[in-house]
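Reproduced below: model-v9.cif, with mmCIF, C-alpha atoms.
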data_run
loop_
_atom_site.label_atom_id
_atom_site.label_comp_id
_atom_site.auth_asym_id
_atom_site.auth_seq_id
_atom_site.Cartn_x
_atom_site.Cartn_y
_atom_site.Cartn_z
CA MET V 1 65.15 -17.09 13.93
CA ASP V 2 62.72 -19.59 12.39
CA ASP V 3 60.42 -19.06 15.36
CA LEU V 4 60.64 -15.33 14.84
CA ALA V 5 59.72 -15.61 11.18
CA LYS V 6 56.87 -17.97 12.06
CA GLY V 7 55.60 -15.58 14.71
CA LEU V 8 55.73 -12.60 12.39
CA GLY V 9 53.85 -14.60 9.82
CA LEU V 10 51.23 -15.33 12.47
CA ILE V 11 50.82 -11.64 13.22
CA ALA V 12 50.24 -10.92 9.56
CA ALA V 13 47.88 -13.92 9.39
CA ILE V 14 45.81 -12.89 12.39
CA ALA V 15 45.37 -9.46 10.88
CA LYS V 16 43.80 -11.13 7.87
CA VAL V 17 41.71 -13.53 9.92
CA PHE V 18 40.24 -10.73 11.99
CA PRO V 19 38.88 -8.14 9.56
CA PRO V 20 38.47 -5.40 12.18
CA ILE V 21 42.17 -5.49 13.00
CA TRP V 22 43.02 -5.68 9.36
CA ASN V 23 40.89 -2.65 8.54
CA LEU V 24 42.36 -0.71 11.39
CA VAL V 25 45.92 -1.68 10.62
CA SER V 26 45.65 -1.19 6.88
CA GLY V 27 44.18 2.25 7.42
CA LEU V 28 47.26 3.26 9.31
CA ILE V 29 49.46 2.51 6.36
CA ASP V 30 49.71 5.10 3.66
CA GLY V 31 50.60 3.23 0.46
CA ASP V 32 54.17 2.30 1.27
CA PRO V 33 54.08 -0.56 3.80
CA GLU V 34 57.05 0.99 5.60
CA VAL V 35 55.23 4.27 6.16
CA VAL V 36 53.15 3.64 9.24
CA LYS V 37 52.20 6.09 11.96
CA ARG V 38 54.34 5.93 15.05
CA VAL V 39 53.02 5.24 18.53
CA ARG V 40 53.91 8.72 19.78
CA GLU V 41 51.74 10.26 17.05
CA VAL V 42 48.75 8.30 18.31
CA MET V 43 49.21 8.50 22.07
CA PRO V 44 49.38 11.88 23.80
CA GLU V 45 51.85 12.02 26.68
CA LYS V 46 49.08 12.87 29.12
CA HIS V 47 45.59 11.51 28.56
CA PRO V 48 42.68 13.70 29.76
CA VAL V 49 41.62 10.90 32.11
CA GLU V 50 44.64 11.81 34.26
CA ASP V 51 43.44 15.42 34.57
CA LEU V 52 40.02 14.11 35.53
CA ALA V 53 41.52 11.96 38.27
CA ASP V 54 43.41 15.00 39.61
CA ARG V 55 40.28 17.17 39.52
CA LEU V 56 38.20 14.56 41.33
CA ASP V 57 40.96 14.12 43.88
CA ALA V 58 40.99 17.86 44.54
CA ARG V 59 37.19 17.88 44.76
CA LEU V 60 37.22 15.10 47.32
CA ARG V 61 39.98 16.73 49.36
CA GLY V 62 38.12 20.01 49.29
CA GLY V 63 35.01 18.25 50.54
CA GLU V 64 32.87 19.73 47.73
CA MET J 1 18.10 5.75 41.70
CA LYS J 2 21.48 4.14 42.05
CA HIS J 3 20.54 1.37 39.57
CA SER J 4 19.14 3.93 37.18
CA LEU J 5 22.38 5.93 37.25
CA HIS J 6 24.38 2.76 36.76
CA ARG J 7 22.22 1.79 33.77
CA THR J 8 22.64 5.25 32.26
CA VAL J 9 26.39 5.13 32.71
CA TYR J 10 26.51 1.63 31.21
CA ALA J 11 24.43 2.71 28.21
CA CYS J 12 26.52 5.83 27.62
CA GLY J 13 29.72 3.85 27.92
CA ALA J 14 28.52 1.19 25.51
CA ILE J 15 27.45 3.75 22.95
CA LEU J 16 30.69 5.68 23.31
CA VAL J 17 32.98 2.70 22.89
CA ALA J 18 31.03 1.40 19.91
CA ALA J 19 30.84 4.83 18.27
CA VAL J 20 34.49 5.68 18.69
CA LEU J 21 35.70 2.34 17.39
CA SER J 22 33.24 2.46 14.49
CA LEU J 23 34.56 5.87 13.55
CA ALA J 24 38.14 4.69 13.82
CA LEU J 25 37.45 1.63 11.72
CA GLY J 26 35.17 3.39 9.27
CA ALA J 27 37.78 6.02 8.52
CA CYS J 28 40.26 3.39 7.44
CA LYS J 29 40.76 2.82 3.78
CA PRO J 30 41.94 -0.40 2.18
CA ALA J 31 45.66 -0.40 1.58
CA GLU J 32 48.49 -2.66 0.58
CA SER J 33 49.21 -5.40 3.06
CA PRO J 34 52.24 -4.86 5.26
CA THR J 35 54.88 -7.01 3.65
CA THR J 36 57.82 -6.59 5.99
CA PRO J 37 58.30 -7.80 9.57
CA ARG J 38 58.99 -4.22 10.60
CA SER J 39 55.74 -2.83 9.24
CA SER J 40 53.81 -5.81 10.64
CA ILE J 41 55.18 -5.09 14.11
CA ARG J 42 54.64 -1.36 13.83
CA SER J 43 51.08 -1.87 12.62
CA THR J 44 50.37 -4.06 15.63
CA LEU J 45 51.88 -1.46 17.98
CA VAL J 46 49.95 1.41 16.44
CA ALA J 47 46.68 -0.55 16.47
CA ALA J 48 47.29 -1.29 20.16
CA SER J 49 47.93 2.42 20.72
CA VAL J 50 44.64 3.40 19.10
CA VAL J 51 42.77 0.91 21.27
CA THR J 52 44.55 2.16 24.41
CA VAL J 53 43.63 5.78 23.71
CA GLU J 54 40.00 4.88 23.00
CA LEU J 55 39.66 2.70 26.09
CA ALA J 56 41.11 5.48 28.26
CA GLY J 57 38.62 7.88 26.67
CA ALA J 58 35.73 5.53 27.42
CA CYS J 59 37.00 5.19 30.97
CA GLN J 60 37.05 8.97 31.29
CA THR J 61 33.43 9.22 30.14
CA VAL J 62 32.32 6.57 32.61
CA ALA J 63 34.17 8.31 35.45
CA GLU J 64 32.64 11.68 34.50
CA HIS J 65 29.16 10.17 34.59
CA LEU J 66 29.83 8.52 37.94
CA ALA J 67 30.96 11.89 39.26
CA GLY J 68 27.83 13.54 37.88
CA GLN J 69 29.87 15.95 35.79
CA ASN J 70 27.47 15.75 32.86
CA ASP J 71 24.30 16.11 34.89
CA TYR J 72 24.24 18.61 37.71
CA THR J 73 20.70 17.60 38.66
CA ILE J 74 22.07 14.38 40.13
CA ASP J 75 23.12 14.59 43.75
CA VAL J 76 26.39 12.68 43.75
CA SER J 77 27.44 10.89 46.91
CA THR J 78 30.98 10.91 48.22
CA GLU J 79 31.01 7.18 47.56
CA SER J 80 30.34 7.78 43.86
CA LEU J 81 33.00 10.46 43.70
CA VAL J 82 35.55 8.16 45.27
CA LYS J 83 34.55 5.44 42.82
CA ALA J 84 34.93 7.85 39.90
CA ARG J 85 38.27 9.14 41.15
CA ASP J 86 39.64 5.63 41.69
CA LEU J 87 38.45 4.53 38.24
CA ALA J 88 40.01 7.57 36.54
CA ARG J 89 43.27 7.09 38.47
CA ALA J 90 43.47 3.39 37.62
CA CYS J 91 42.87 4.14 33.95
CA ALA J 92 45.44 6.96 33.91
CA THR J 93 48.03 4.65 35.45
CA ALA J 94 47.27 1.87 32.98
CA TYR J 95 47.40 4.33 30.07
CA LYS J 96 50.82 5.62 31.13
CA ALA J 97 52.21 2.12 31.51
CA ALA J 98 50.82 1.01 28.14
CA ARG J 99 52.19 4.13 26.44
CA ALA J 100 55.66 3.61 27.91
CA ALA J 101 55.74 -0.02 26.76
CA LEU J 102 54.37 0.67 23.28
CA MET J 103 56.75 3.60 22.76
CA ALA J 104 59.72 1.52 23.87
CA ALA J 105 58.70 -1.19 21.42
CA ASP J 106 58.22 1.40 18.68
CA ASP J 107 61.66 2.86 19.38
CA ALA J 108 63.17 -0.63 19.23
CA ILE J 109 62.12 -1.02 15.61
CA GLU J 110 63.00 2.52 14.56
CA ALA J 111 66.60 1.59 13.78
CA TRP J 112 65.80 -1.78 12.28
CA ASP J 113 68.42 -4.48 12.74
CA ALA J 114 68.60 -8.20 13.42
CA GLY J 115 67.67 -7.87 17.10
CA SER J 116 64.93 -5.27 16.73
CA ALA J 117 62.00 -7.65 16.54
CA GLY J 118 63.06 -9.42 19.74
CA LYS J 119 63.61 -6.13 21.56
CA ALA J 120 60.24 -4.82 20.43
CA ALA J 121 58.55 -8.03 21.52
CA CYS J 122 60.06 -7.74 25.01
CA ALA J 123 59.29 -4.04 25.32
CA ALA J 124 55.67 -4.50 24.22
CA ARG J 125 54.93 -7.24 26.72
CA PRO J 126 53.93 -4.99 29.70
CA ALA J 127 51.42 -3.21 27.47
CA ILE J 128 49.24 -6.34 27.42
CA SER J 129 48.37 -6.27 31.10
CA SER J 130 47.92 -2.49 31.02
CA ILE J 131 45.48 -2.65 28.12
CA MET J 132 43.69 -5.54 29.84
CA SER J 133 43.36 -3.38 32.97
CA LEU J 134 41.80 -0.61 30.91
CA ARG J 135 39.49 -3.05 29.17
CA ASP J 136 38.39 -4.61 32.45
CA ALA J 137 37.81 -1.22 34.08
CA VAL J 138 35.55 -0.14 31.23
CA SER J 139 33.84 -3.51 30.80
CA ALA J 140 32.02 -3.08 34.11
CA TYR J 141 30.06 -0.27 32.46
CA ALA J 142 30.23 -0.85 28.71
CA LYS J 143 30.25 -3.66 26.20
CA ILE J 144 33.77 -4.04 24.86
CA PRO J 145 33.97 -4.47 21.07
CA GLU J 146 35.61 -7.70 19.92
CA THR J 147 38.24 -5.60 18.12
CA VAL J 148 39.85 -4.85 21.46
CA ASN J 149 40.40 -8.54 22.16
CA ASP J 150 41.58 -9.11 18.59
CA ILE J 151 44.27 -6.49 19.02
CA LEU J 152 45.24 -7.90 22.40
CA ASP J 153 45.67 -11.28 20.66
CA ALA J 154 47.92 -9.68 18.06
CA LEU J 155 49.97 -8.03 20.80
CA ARG J 156 50.26 -11.36 22.64
CA LEU J 157 51.57 -12.96 19.47
CA LEU J 158 54.15 -10.21 19.13
CA ALA J 159 55.19 -10.43 22.79
CA GLY J 160 55.36 -14.21 22.57
CA LEU J 161 58.05 -14.03 19.93
CA ALA J 162 60.84 -13.24 22.32
CA SER J 163 60.12 -14.96 25.59
CA THR J 164 63.65 -16.33 25.91
CA GLN J 165 65.30 -12.99 25.13
CA CYS J 166 63.08 -11.26 27.68
CA THR J 167 63.96 -13.76 30.38
CA ALA J 168 67.66 -13.43 29.64
CA ALA J 169 67.67 -9.64 29.60
CA PRO J 170 68.81 -7.79 32.73
CA GLY J 171 65.86 -6.54 34.71
CA GLY J 172 63.58 -9.06 33.05
CA LYS J 173 62.59 -6.62 30.29
#
Would you kindly transcribe this structure into structure tokens?
Amino acid sequence: MDDLAKGLGLIAAIAKVFPPIWNLVSGLIDGDPEVVKRVREVMPEKHPVEDLADRLDARLRGGE
Amino acid sequence: MKHSLHRTVYACGAILVAAVLSLALGACKPAESPTTPRSSIRSTLVAASVVTVELAGACQTVAEHLAGQNDYTIDVSTESLVKARDLARACATAYKAARAALMAADDAIEAWDAGSAGKAACAARPAISSIMSLRDAVSAYAKIPETVNDILDALRLLAGLASTQCTAAPGGK
């Protein structure tokens, strides 16, 4: 449990050491530190790059 | 011609990655520091999610350029199309794997209890290699901002918290 606490402290510390992360992370928090966006709000289930791969696949199969 | 196209793709990719991350960072406002382990972990997961989405977007742009989708005056070879398709497919696969891992980690801390941090750390671990795959795929064409590596470092720290729990868990998760 000590290791866990130490590790969590490190995560908080690295966020302060690296300003870009800190800016990004702090911007995701709306006042209350417990209110942070969830992963599913940020990541769509299907990224457009998947559609692109399918389209290119079809194009190659069709010999266009 | 081939080198010229490659240079154009590289330049577009570099500009895109830099612009998107600048926008993401610029839009952030200063806020209170996360003071709890739960919010620290969630912040790391969400930051990793943002980076994953942006890297996949950059990958998409590079693949579109390789496939000549933004310039119909370029005669695209089958070789370039295959390269574009393979790149897009690799990025889509990495995105899906990263999303699954980050969502599992996020779910692990939703009902916060004594074991949540360890479970989140284990669940987040596969996201590291997936995000690295995305980064490496894009880095052949665009300069990767240091922020991406910073966030990977934060994710490694999180994943490193629970190495023993992960090893002990059934299925190695």
Self-check item: Result set of the PyMOL selection byres ((chain V and resi 45-48) around 12) on the coordinates above, as a count of residues only
Solution: 39
Quiz prompt | CA of Leu152 (chain J) to CA of Ser43 (chain J), distance in Å rounded to a single decimal | solution = 12.9 Å
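Reported to one decimal place, the separation of CA of Arg38 (chain J) from CA of Arg156 (chain J) is 16.5 Å.
Each of J:Met132, J:Ala108, J:Ala123, J:Ala117 was compared to chain V using only C-alpha atoms, and J:Ala117 turns out to be the nearest.
Note that the spacing between CA of Cys122 (chain J) and CA of Ala105 (chain J) amounts to 7.6 Å.
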Self-check item: Residue nearest Pro126 (chain J) - candidates J:Ala67, J:Cys166, J:Ser40, J:Val50, atoms counted: only C-alpha atoms
Solution: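 Distance minimum relative to Pro126 (chain J) lands on J:Cys166.
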Quiz item: Quick one: of J:Ser80, J:Val62, J:Arg85, J:Gly160, who's nearest to Tyr141 (chain J), counting only C-alpha atoms?
Solution: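 Among J:Ser80, J:Val62, J:Arg85, J:Gly160, it is J:Val62 that comes nearest to Tyr141 (chain J).
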Quiz prompt | Explicit residues for the PyMOL selection byres ((chain J and resi 45) around 8) (as a VMD selection string) | solution = (chain V and resid 39) or (chain J and resid 41 to 44 46 to 49 102 105 to 106 124 155)
Quiz prompt | Selected residue, from J:Ala90, J:Leu161, J:Ala84, J:Val76, that lies nearest to Ala137 (chain J) when counting all atoms listed in the file | solution =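 Nearest to Ala137 (chain J): J:Ala90.
Using all atoms listed in the file for every distance, the candidate list J:Val138, J:Thr147, J:Asp75, J:Ala159 yields J:Thr147 as the residue closest to chain V.
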Self-check item: Selected residue of minimal separation from Asp136 (chain J) among J:Leu87, J:Ala114, J:Ile151, J:Leu81, counting all atoms listed in the file
Solution: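 Closest candidate: J:Leu87.
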With all heavy atoms as the target, complete region 45-56 of chain V and hand it back as a short mmCIF file (atom, residue, chain, number, x, y, z; two decimals), in the frame of the given file.
data_model
loop_
_atom_site.label_atom_id
_atom_site.label_comp_id
_atom_site.auth_asym_id
_atom_site.auth_seq_id
_atom_site.Cartn_x
_atom_site.Cartn_y
_atom_site.Cartn_z
N GLU V 45 51.08 12.34 25.48
CA GLU V 45 51.85 12.02 26.68
C GLU V 45 50.94 11.94 27.90
O GLU V 45 51.08 11.07 28.76
CB GLU V 45 52.94 13.07 26.90
CG GLU V 45 53.90 12.69 28.01
CD GLU V 45 55.02 13.67 28.15
OE1 GLU V 45 55.17 14.57 27.28
OE2 GLU V 45 55.76 13.57 29.15
N LYS V 46 50.00 12.89 27.97
CA LYS V 46 49.08 12.87 29.12
C LYS V 46 47.65 12.75 28.59
O LYS V 46 47.19 13.61 27.84
CB LYS V 46 49.25 14.17 29.91
CG LYS V 46 48.60 14.15 31.26
CD LYS V 46 48.93 15.40 32.05
CE LYS V 46 48.34 15.32 33.45
NZ LYS V 46 48.55 16.56 34.20
N HIS V 47 46.99 11.69 29.00
CA HIS V 47 45.59 11.51 28.56
C HIS V 47 44.68 12.33 29.49
O HIS V 47 44.95 12.44 30.69
CB HIS V 47 45.23 10.02 28.62
CG HIS V 47 43.94 9.71 27.92
ND1 HIS V 47 42.72 9.92 28.51
CD2 HIS V 47 43.69 9.24 26.68
CE1 HIS V 47 41.77 9.57 27.66
NE2 HIS V 47 42.33 9.15 26.54
N PRO V 48 43.60 12.89 28.94
CA PRO V 48 42.68 13.70 29.76
C PRO V 48 42.13 12.96 30.98
O PRO V 48 41.72 13.60 31.95
CB PRO V 48 41.55 14.05 28.79
CG PRO V 48 42.15 13.96 27.43
CD PRO V 48 43.23 12.93 27.51
N VAL V 49 42.14 11.63 30.95
CA VAL V 49 41.62 10.90 32.11
C VAL V 49 42.48 11.16 33.36
O VAL V 49 42.00 11.11 34.49
CB VAL V 49 41.51 9.37 31.80
CG1 VAL V 49 42.86 8.69 31.82
CG2 VAL V 49 40.55 8.69 32.77
N GLU V 50 43.75 11.51 33.13
CA GLU V 50 44.64 11.81 34.26
C GLU V 50 44.23 13.15 34.90
O GLU V 50 44.22 13.27 36.13
CB GLU V 50 46.09 11.87 33.76
CG GLU V 50 47.09 11.86 34.90
CD GLU V 50 48.53 11.84 34.42
OE1 GLU V 50 48.78 11.47 33.26
OE2 GLU V 50 49.41 12.21 35.22
N ASP V 51 43.91 14.12 34.05
CA ASP V 51 43.44 15.42 34.57
C ASP V 51 42.15 15.24 35.36
O ASP V 51 41.94 15.87 36.40
CB ASP V 51 43.19 16.40 33.42
CG ASP V 51 44.50 16.85 32.78
OD1 ASP V 51 45.50 16.94 33.51
OD2 ASP V 51 44.51 17.10 31.56
N LEU V 52 41.29 14.37 34.85
CA LEU V 52 40.02 14.11 35.53
C LEU V 52 40.28 13.53 36.92
O LEU V 52 39.66 13.95 37.91
CB LEU V 52 39.16 13.16 34.69
CG LEU V 52 37.85 12.73 35.34
CD1 LEU V 52 36.89 13.91 35.52
CD2 LEU V 52 37.16 11.64 34.52
N ALA V 53 41.20 12.57 36.98
CA ALA V 53 41.52 11.96 38.27
C ALA V 53 42.03 13.02 39.25
O ALA V 53 41.63 13.03 40.43
CB ALA V 53 42.57 10.85 38.08
N ASP V 54 42.88 13.93 38.75
CA ASP V 54 43.41 15.00 39.61
C ASP V 54 42.29 15.93 40.09
O ASP V 54 42.25 16.33 41.26
CB ASP V 54 44.46 15.83 38.84
CG ASP V 54 45.72 15.02 38.55
OD1 ASP V 54 45.93 13.99 39.24
OD2 ASP V 54 46.49 15.41 37.65
N ARG V 55 41.38 16.27 39.16
CA ARG V 55 40.28 17.17 39.52
C ARG V 55 39.37 16.53 40.58
O ARG V 55 38.96 17.17 41.54
CB ARG V 55 39.44 17.52 38.29
CG ARG V 55 40.06 18.56 37.38
CD ARG V 55 39.00 19.23 36.52
NE ARG V 55 38.14 18.29 35.79
CZ ARG V 55 38.46 17.73 34.62
NH1 ARG V 55 39.61 18.02 34.04
NH2 ARG V 55 37.64 16.90 34.02
N LEU V 56 39.08 15.24 40.38
CA LEU V 56 38.20 14.56 41.33
C LEU V 56 38.88 14.41 42.69
O LEU V 56 38.23 14.52 43.73
CB LEU V 56 37.80 13.17 40.78
CG LEU V 56 36.86 13.20 39.58
CD1 LEU V 56 36.69 11.80 38.99
CD2 LEU V 56 35.50 13.76 39.97
#
